[in-house]
file query22.txt (compact mmCIF, C-alpha atoms)
# COMPACT_ATOMS: atom_id res chain seq x y z
CA MET D 29 136.05 108.88 135.45
CA SER D 30 135.14 106.40 138.16
CA ARG D 31 136.51 102.90 137.74
CA THR D 32 133.99 101.35 140.13
CA VAL D 33 131.74 98.73 138.52
CA LEU D 34 128.71 97.10 140.14
CA VAL D 35 128.72 93.38 139.34
CA THR D 36 125.37 91.70 139.95
CA GLY D 37 125.78 87.99 140.55
CA GLY D 38 129.44 88.61 141.33
CA ALA D 39 129.51 85.74 143.84
CA GLY D 40 128.50 83.24 141.16
CA TYR D 41 130.58 81.27 138.70
CA ILE D 42 130.89 83.73 135.83
CA GLY D 43 130.47 86.84 137.98
CA SER D 44 133.36 85.96 140.29
CA HIS D 45 135.66 85.40 137.32
CA ALA D 46 134.49 88.74 135.90
CA CYS D 47 135.41 90.45 139.17
CA LYS D 48 138.90 88.96 138.95
CA ALA D 49 139.27 90.16 135.36
CA LEU D 50 137.98 93.63 136.25
CA ALA D 51 140.41 93.96 139.15
CA ALA D 52 143.28 92.85 136.90
CA ALA D 53 142.25 95.57 134.41
CA GLY D 54 142.37 98.25 137.10
CA TYR D 55 138.68 98.45 137.99
CA ARG D 56 137.06 98.27 141.43
CA PRO D 57 134.39 95.57 141.22
CA VAL D 58 131.57 95.78 143.77
CA THR D 59 129.73 92.48 144.01
CA LEU D 60 125.97 92.59 144.56
CA ASP D 61 124.56 89.11 145.18
CA ASN D 62 121.80 87.54 147.27
CA LEU D 63 123.88 84.32 147.67
CA SER D 64 120.95 82.15 146.56
CA THR D 65 123.31 80.41 144.15
CA GLY D 66 126.55 82.33 144.74
CA TRP D 67 129.24 81.94 147.37
CA ARG D 68 130.56 84.49 149.84
CA ASP D 69 133.99 82.85 149.56
CA ALA D 70 134.06 83.75 145.86
CA VAL D 71 134.02 87.49 146.61
CA LYS D 72 137.74 88.23 146.68
CA PHE D 73 138.39 91.23 144.48
CA GLY D 74 136.37 94.11 145.92
CA PRO D 75 133.52 95.12 148.27
CA PHE D 76 130.44 92.94 148.78
CA VAL D 77 126.80 93.98 149.04
CA GLN D 78 124.40 91.19 149.97
CA ALA D 79 121.12 92.23 148.38
CA ASP D 80 118.35 90.97 146.11
CA LEU D 81 117.45 92.63 142.83
CA LEU D 82 113.82 92.62 143.92
CA ASP D 83 114.73 94.93 146.81
CA ARG D 84 114.75 98.37 145.20
CA ALA D 85 115.73 100.17 148.40
CA ALA D 86 118.83 97.98 148.73
CA LEU D 87 119.78 98.72 145.12
CA ASP D 88 119.39 102.45 145.66
CA ALA D 89 121.59 102.23 148.76
CA ALA D 90 124.29 100.31 146.86
CA PHE D 91 124.37 102.88 144.06
CA ALA D 92 124.47 105.74 146.59
CA GLU D 93 127.31 104.20 148.60
CA HIS D 94 129.56 102.97 145.80
CA ARG D 95 128.64 105.30 142.90
CA PRO D 96 129.53 102.87 140.12
CA ALA D 97 130.22 104.17 136.64
CA ALA D 98 128.80 101.03 135.05
CA VAL D 99 127.00 97.76 135.76
CA LEU D 100 127.93 94.24 134.70
CA HIS D 101 124.69 92.30 135.04
CA PHE D 102 125.09 88.54 135.53
CA ALA D 103 122.49 87.82 138.23
CA ALA D 104 119.77 85.47 136.95
CA LEU D 105 118.11 82.14 137.45
CA SER D 106 119.26 79.90 134.62
CA GLN D 107 118.09 76.28 134.91
CA VAL D 108 116.13 75.14 131.86
CA GLY D 109 114.16 72.41 133.62
CA GLU D 110 113.13 74.75 136.43
CA ALA D 111 112.20 77.45 133.92
CA MET D 112 109.87 75.00 132.17
CA ALA D 113 108.23 73.98 135.45
CA GLU D 114 108.14 77.38 137.18
CA PRO D 115 108.03 80.14 134.55
CA GLY D 116 106.66 82.70 137.00
CA LYS D 117 109.80 82.38 139.12
CA TYR D 118 111.91 83.31 136.09
CA TRP D 119 109.79 86.24 134.98
CA ARG D 120 109.68 87.60 138.51
CA ASN D 121 113.36 87.18 139.38
CA ASN D 122 115.03 87.83 136.03
CA VAL D 123 112.72 90.43 134.50
CA SER D 124 111.33 92.27 137.52
CA GLY D 125 114.76 92.21 139.17
CA SER D 126 116.40 93.62 136.05
CA LEU D 127 113.77 96.35 135.78
CA ASN D 128 114.56 97.37 139.37
CA LEU D 129 118.26 97.37 138.58
CA ILE D 130 117.94 99.42 135.40
CA GLU D 131 115.69 102.03 137.01
CA ALA D 132 117.97 102.29 140.05
CA ALA D 133 120.99 102.71 137.76
CA ILE D 134 119.29 105.43 135.73
CA ASP D 135 118.18 107.27 138.86
CA ALA D 136 121.79 107.18 140.07
CA GLY D 137 123.11 108.50 136.76
CA CYS D 138 124.79 105.19 135.89
CA LEU D 139 124.01 104.76 132.20
CA ASP D 140 126.39 102.02 131.01
CA VAL D 141 125.30 98.38 131.34
CA VAL D 142 127.02 95.22 130.15
CA PHE D 143 124.40 92.47 130.11
CA SER D 144 125.12 88.77 130.20
CA SER D 145 122.36 87.36 128.01
CA THR D 146 122.15 83.94 126.38
CA CYS D 147 121.85 82.23 123.05
CA ALA D 148 118.81 80.50 124.54
CA THR D 149 116.96 83.55 123.18
CA TYR D 150 117.30 81.97 119.72
CA GLY D 151 115.51 78.73 120.51
CA ASP D 152 116.31 75.60 118.51
CA ARG D 153 118.27 76.63 115.41
CA ASP D 154 119.51 73.23 114.33
CA GLY D 155 122.36 73.29 111.84
CA GLU D 156 122.87 77.07 111.90
CA VAL D 157 125.86 79.02 113.14
CA LEU D 158 123.98 81.76 114.97
CA ASP D 159 124.90 85.42 114.82
CA GLU D 160 123.56 88.68 116.21
CA ASP D 161 120.92 89.00 113.47
CA THR D 162 119.45 85.51 113.80
CA PRO D 163 115.73 85.75 114.72
CA GLN D 164 115.00 85.07 118.38
CA ALA D 165 112.43 82.43 119.34
CA PRO D 166 113.15 81.14 122.88
CA LEU D 167 111.83 77.73 123.94
CA ASN D 168 111.48 78.38 127.66
CA ALA D 169 111.04 81.07 130.30
CA TYR D 170 114.78 81.36 130.85
CA GLY D 171 115.47 82.37 127.25
CA ALA D 172 112.30 84.43 127.10
CA SER D 173 113.18 86.36 130.24
CA LYS D 174 116.63 87.19 128.87
CA ARG D 175 115.14 88.38 125.60
CA ALA D 176 112.74 90.59 127.55
CA ILE D 177 115.67 92.16 129.39
CA GLU D 178 117.39 92.85 126.08
CA ASP D 179 114.21 94.62 124.91
CA MET D 180 114.06 96.52 128.19
CA LEU D 181 117.61 97.81 127.73
CA ALA D 182 116.75 99.02 124.22
CA ASP D 183 113.62 100.78 125.47
CA PHE D 184 115.49 102.59 128.25
CA GLY D 185 118.21 103.42 125.76
CA ALA D 186 115.68 105.20 123.60
CA SER D 187 114.02 107.01 126.51
CA HIS D 188 116.86 107.72 128.95
CA GLY D 189 120.13 107.41 127.03
CA LEU D 190 121.07 104.10 128.66
CA ARG D 191 123.81 102.38 126.67
CA SER D 192 124.35 98.65 126.75
CA VAL D 193 126.56 95.91 125.45
CA ILE D 194 124.73 92.58 125.31
CA PHE D 195 126.55 89.26 125.11
CA ARG D 196 124.81 86.09 123.90
CA TYR D 197 126.57 82.77 124.41
CA PHE D 198 125.97 79.11 125.18
CA ASN D 199 127.77 76.89 127.66
CA VAL D 200 130.60 78.23 129.80
CA ALA D 201 133.29 75.95 131.18
CA GLY D 202 136.72 75.87 132.76
CA ALA D 203 138.02 77.82 135.74
CA ASP D 204 140.49 80.48 136.74
CA PRO D 205 143.90 78.85 136.08
CA ASP D 206 145.26 80.54 139.23
CA GLY D 207 142.74 78.63 141.35
CA GLU D 208 141.31 81.69 143.13
CA VAL D 209 137.75 81.08 141.90
CA GLY D 210 136.02 78.24 140.10
CA GLU D 211 132.74 76.56 139.23
CA HIS D 212 130.60 75.23 142.05
CA HIS D 213 126.81 75.16 141.98
CA ARG D 214 124.16 73.95 144.39
CA PRO D 215 122.60 71.88 143.02
CA GLU D 216 125.08 71.17 140.25
CA THR D 217 123.44 71.24 136.81
CA HIS D 218 126.30 71.99 134.40
CA LEU D 219 127.60 69.16 132.27
CA ILE D 220 131.36 69.30 132.85
CA PRO D 221 131.19 69.53 136.68
CA LEU D 222 128.64 66.70 136.64
CA ILE D 223 131.02 64.58 134.58
CA LEU D 224 133.89 65.38 136.94
CA ASP D 225 131.70 64.46 139.93
CA ALA D 226 131.12 61.07 138.31
CA VAL D 227 134.82 60.67 137.55
CA ASP D 228 135.90 61.12 141.16
CA GLY D 229 132.96 59.31 142.77
CA LYS D 230 131.00 62.28 144.11
CA ARG D 231 128.01 60.91 142.21
CA ALA D 232 127.34 57.39 141.05
CA ALA D 233 127.12 58.24 137.36
CA LEU D 234 126.46 60.97 134.83
CA THR D 235 122.89 60.93 133.53
CA VAL D 236 122.79 61.68 129.80
CA HIS D 237 119.49 63.48 129.20
CA GLY D 238 118.37 62.20 125.83
CA THR D 239 120.21 59.81 123.53
CA ASP D 240 117.83 59.88 120.56
CA TYR D 241 118.38 63.38 119.20
CA PRO D 242 119.03 63.72 115.44
CA THR D 243 122.80 64.15 115.90
CA PRO D 244 125.67 61.81 114.95
CA ASP D 245 125.75 60.17 118.40
CA GLY D 246 122.20 60.92 119.55
CA THR D 247 123.12 63.51 122.20
CA CYS D 248 122.65 67.28 122.20
CA ILE D 249 125.33 69.53 120.73
CA ARG D 250 126.41 72.80 122.33
CA ASP D 251 129.05 75.47 121.84
CA TYR D 252 131.40 76.05 124.78
CA VAL D 253 133.47 79.07 125.79
CA HIS D 254 136.14 79.15 128.49
CA VAL D 255 135.05 81.32 131.41
CA MET D 256 138.25 83.39 131.27
CA ASP D 257 137.69 84.12 127.57
CA LEU D 258 134.08 85.02 128.33
CA VAL D 259 134.87 87.52 131.07
CA ASP D 260 137.63 89.03 128.94
CA ALA D 261 134.89 89.86 126.43
CA HIS D 262 132.82 91.48 129.16
CA VAL D 263 135.71 93.72 130.18
CA ARG D 264 136.15 94.64 126.52
CA GLY D 265 132.43 95.41 126.36
CA LEU D 266 132.77 97.70 129.35
CA GLU D 267 135.66 99.51 127.69
CA TRP D 268 133.59 99.81 124.50
CA LEU D 269 130.97 101.75 126.45
CA ARG D 270 133.52 103.82 128.36
CA ALA D 271 134.94 104.89 124.98
CA GLY D 272 131.54 106.41 124.20
CA LYS D 273 130.45 103.88 121.60
CA ALA D 274 126.84 102.99 120.90
CA SER D 275 124.85 100.04 122.25
CA ARG D 276 125.80 96.76 120.60
CA VAL D 277 125.00 93.04 120.69
CA PHE D 278 127.77 90.45 120.43
CA CYS D 279 127.68 86.67 120.19
CA LEU D 280 130.49 84.76 121.87
CA GLY D 281 131.25 81.30 120.60
CA THR D 282 133.74 79.19 118.75
CA GLY D 283 131.33 78.22 115.96
CA ASP D 284 131.97 74.56 116.76
CA GLY D 285 129.76 72.37 118.89
CA PHE D 286 130.46 69.35 121.05
CA SER D 287 127.97 66.60 121.80
CA VAL D 288 127.54 65.32 125.34
CA ARG D 289 129.35 62.13 124.41
CA GLU D 290 132.23 64.09 122.87
CA VAL D 291 132.63 66.07 126.12
CA VAL D 292 132.64 62.78 128.04
CA ASP D 293 135.30 61.35 125.73
CA ALA D 294 137.46 64.46 126.15
CA THR D 295 137.13 64.18 129.93
CA ARG D 296 138.33 60.58 129.83
CA HIS D 297 141.36 61.71 127.85
CA VAL D 298 142.23 64.63 130.16
CA THR D 299 141.67 62.83 133.47
CA ASN D 300 142.75 59.38 132.30
CA ARG D 301 139.80 57.97 134.24
CA PRO D 302 136.54 56.26 133.26
CA VAL D 303 133.26 58.21 133.30
CA PRO D 304 130.31 56.21 134.68
CA MET D 305 127.19 57.03 132.63
CA VAL D 306 123.51 56.10 132.49
CA ASP D 307 121.02 57.07 129.81
CA GLY D 308 118.04 59.19 130.85
CA PRO D 309 115.03 60.80 129.16
CA ARG D 310 115.12 64.09 127.33
CA ARG D 311 114.60 67.27 129.34
CA GLY D 312 111.81 69.57 128.31
CA GLY D 313 113.01 72.73 126.62
CA ASP D 314 116.35 71.38 125.42
CA ALA D 315 117.29 72.24 121.84
CA VAL D 316 119.07 69.76 119.56
CA LYS D 317 122.07 71.77 118.41
CA LEU D 318 123.13 75.27 119.39
CA VAL D 319 126.34 76.92 118.21
CA CYS D 320 127.25 80.52 117.48
CA GLY D 321 130.05 82.42 115.84
CA SER D 322 131.87 85.48 117.10
CA THR D 323 132.84 87.33 113.93
CA ARG D 324 131.56 90.68 115.23
CA ALA D 325 133.23 90.34 118.64
CA LYS D 326 136.54 89.48 117.03
CA ALA D 327 136.36 92.32 114.53
CA GLU D 328 134.99 95.08 116.78
CA LEU D 329 136.20 94.13 120.28
CA GLY D 330 139.44 92.41 119.28
CA TRP D 331 138.26 89.35 121.21
CA GLN D 332 139.82 85.92 120.78
CA PRO D 333 138.74 82.72 122.62
CA HIS D 334 142.31 81.67 123.37
CA ARG D 335 141.52 79.07 126.07
CA SER D 336 138.31 77.72 124.55
CA THR D 337 139.45 74.28 123.47
CA MET D 338 137.59 71.42 125.09
CA LYS D 339 140.76 69.88 126.51
CA GLN D 340 141.84 73.20 128.07
CA MET D 341 138.40 73.86 129.55
CA ILE D 342 138.25 70.39 131.09
CA ALA D 343 141.85 70.56 132.34
CA ASP D 344 141.20 73.87 134.13
CA ALA D 345 137.88 72.64 135.50
CA TRP D 346 139.50 69.40 136.71
CA ARG D 347 142.23 71.33 138.53
CA TRP D 348 139.62 73.41 140.39
CA HIS D 349 137.45 70.36 140.99
CA GLN D 350 140.31 68.62 142.75
CA ASN D 351 141.67 71.59 144.73
CA GLY D 352 138.99 74.29 145.02
CA SER D 353 135.97 74.58 147.27
CA TYR D 354 133.60 77.15 148.75
CA GLN D 355 131.87 77.24 152.09
CA ALA D 356 128.36 78.66 152.28
call {"tool": "encode", "arguments": {"input": "query22.txt", "output": "structure tokens"}}
result
Amino acid sequence: MSRTVLVTGGAGYIGSHACKALAAAGYRPVTLDNLSTGWRDAVKFGPFVQADLLDRAALDAAFAEHRPAAVLHFAALSQVGEAMAEPGKYWRNNVSGSLNLIEAAIDAGCLDVVFSSTCATYGDRDGEVLDEDTPQAPLNAYGASKRAIEDMLADFGASHGLRSVIFRYFNVAGADPDGEVGEHHRPETHLIPLILDAVDGKRAALTVHGTDYPTPDGTCIRDYVHVMDLVDAHVRGLEWLRAGKASRVFCLGTGDGFSVREVVDATRHVTNRPVPMVDGPRRGGDAVKLVCGSTRAKAELGWQPHRSTMKQMIADAWRWHQNGSYQA
């Protein structure tokens, strides 16, 4: 059985870490990325195909050349504010691109897909620990587009025998402890890198978007998973499918949330430096509190979030922040 895996978005933050984990597990990851948000320098563990999911001919060529046995699908636009302002961009890129990918995979006889979804499909479920059966009610086009892709995978499963493992999760943090790949976005929108930019003077201050939420300190609460724990789950999901098991949805979380101010406080402790902050308005589409459990993933995949403590995530991110970089 082929051990080649097509990794869409493999030049991005999570995708590049997934390629490292796949290579370590004996797979041959083929990165497919349009480099709109990814980095060529992050492609270190297998072949690279520069292509857009909206280009069906390029997808067909990639499947024909590399003949992957499975797809790990990370490629997506994912900024909440942008999704609120430009929903068409998200439906076109995320949904139309995924439809192209799924149809190209089926035509090539590649029927196993591991899909990186999001707990944004649930919407604002304040006070709940979300699981796979929680009703989905997304607040923005990002979450809605991911839910649509989940539905698409189910439909093609029923009609064409496509099998999928879907992972839903919240914030991802940390970096490869070996320093080969890390987190670097343009523009940067993720909380921990923004905090670290403020710590070392790359930006004047962290803007806290909303300080009047109904939480103990007034800031939003989110669950966080270390990127290396997250991609370990994706490799386990791939092996689930390769073992012939049925399509399945898994949530990945610690069940505990951290507020923005708690993340800032942890960063001060890890870096032993002050964090300049200014208060800003709420962002449209942001939920108050989002956390999920991972009972099913632990029981069925044997997954454990070993590195997913806030101090460990910040320490690994800080190491990359100080030493790692990509060139466009």
call {"tool": "closest_residue", "arguments": {"input": "query22.txt", "among": "D:Arg276, D:Gln78, D:Pro304, D:Leu258", "to": "Asp225 (chain D)", "atoms": "all atoms listed in the file"}}
result
D:Pro304
call {"tool": "closest_atom_pairs", "arguments": {"input": "query22.txt", "of": "region 195-245 of chain D", "to": "region 149-161 of chain D", "cutoff": "10 Å", "atoms": "all atoms listed in the file", "output": "Markdown table"}}
result
| residue | atom | partner | partner_atom | distance |
| --- | --- | --- | --- | --- |
| D:Phe195 | CA | D:Glu160 | CA | 9.4 |
| D:Arg196 | CA | D:Glu160 | CA | 8.2 |
| D:Tyr197 | CA | D:Thr149 | CA | 9.7 |
| D:Pro242 | CA | D:Asp154 | CA | 9.6 |
| D:Thr243 | CA | D:Asp154 | CA | 9.8 |
call {"tool": "residues_around", "arguments": {"input": "query22.txt", "residues": "Thr247 (chain D)", "least_positions_apart": "2", "cutoff": "12 Å", "atoms": "all atoms listed in the file", "output": "mmCIF file with C-alpha atoms, keeping the file's coordinate frame"}}
result
data_model
loop_
_atom_site.group_PDB
_atom_site.id
_atom_site.type_symbol
_atom_site.label_atom_id
_atom_site.label_comp_id
_atom_site.auth_asym_id
_atom_site.auth_seq_id
_atom_site.Cartn_x
_atom_site.Cartn_y
_atom_site.Cartn_z
ATOM 1 C CA THR D 235 122.890 60.930 133.530
ATOM 2 C CA VAL D 236 122.790 61.680 129.800
ATOM 3 C CA HIS D 237 119.490 63.480 129.200
ATOM 4 C CA GLY D 238 118.370 62.200 125.830
ATOM 5 C CA THR D 239 120.210 59.810 123.530
ATOM 6 C CA ASP D 240 117.830 59.880 120.560
ATOM 7 C CA TYR D 241 118.380 63.380 119.200
ATOM 8 C CA PRO D 242 119.030 63.720 115.440
ATOM 9 C CA THR D 243 122.800 64.150 115.900
ATOM 10 C CA PRO D 244 125.670 61.810 114.950
ATOM 11 C CA ASP D 245 125.750 60.170 118.400
ATOM 12 C CA ILE D 249 125.330 69.530 120.730
ATOM 13 C CA ARG D 250 126.410 72.800 122.330
ATOM 14 C CA GLY D 285 129.760 72.370 118.890
ATOM 15 C CA PHE D 286 130.460 69.350 121.050
ATOM 16 C CA SER D 287 127.970 66.600 121.800
ATOM 17 C CA VAL D 288 127.540 65.320 125.340
ATOM 18 C CA ARG D 289 129.350 62.130 124.410
ATOM 19 C CA GLU D 290 132.230 64.090 122.870
ATOM 20 C CA VAL D 291 132.630 66.070 126.120
ATOM 21 C CA VAL D 292 132.640 62.780 128.040
ATOM 22 C CA ASP D 307 121.020 57.070 129.810
ATOM 23 C CA GLY D 308 118.040 59.190 130.850
ATOM 24 C CA PRO D 309 115.030 60.800 129.160
ATOM 25 C CA ARG D 310 115.120 64.090 127.330
ATOM 26 C CA ARG D 311 114.600 67.270 129.340
ATOM 27 C CA ASP D 314 116.350 71.380 125.420
ATOM 28 C CA ALA D 315 117.290 72.240 121.840
ATOM 29 C CA VAL D 316 119.070 69.760 119.560
ATOM 30 C CA LYS D 317 122.070 71.770 118.410
#
call {"tool": "atom_distance", "arguments": {"input": "query22.txt", "atom1": "CA of Asp135 (chain D)", "atom2": "CA of Val58 (chain D)"}}
result
18.3 Å
call {"tool": "axis_aligned_box", "arguments": {"input": "query22.txt", "around": "region 135-138 of chain D", "padding_each_side": "8 Å", "output": "lines of an AutoDock Vina configuration file"}}
result
center_x = 121.5
center_y = 106.8
center_z = 138.0
size_x = 22.6
size_y = 19.3
size_z = 20.2
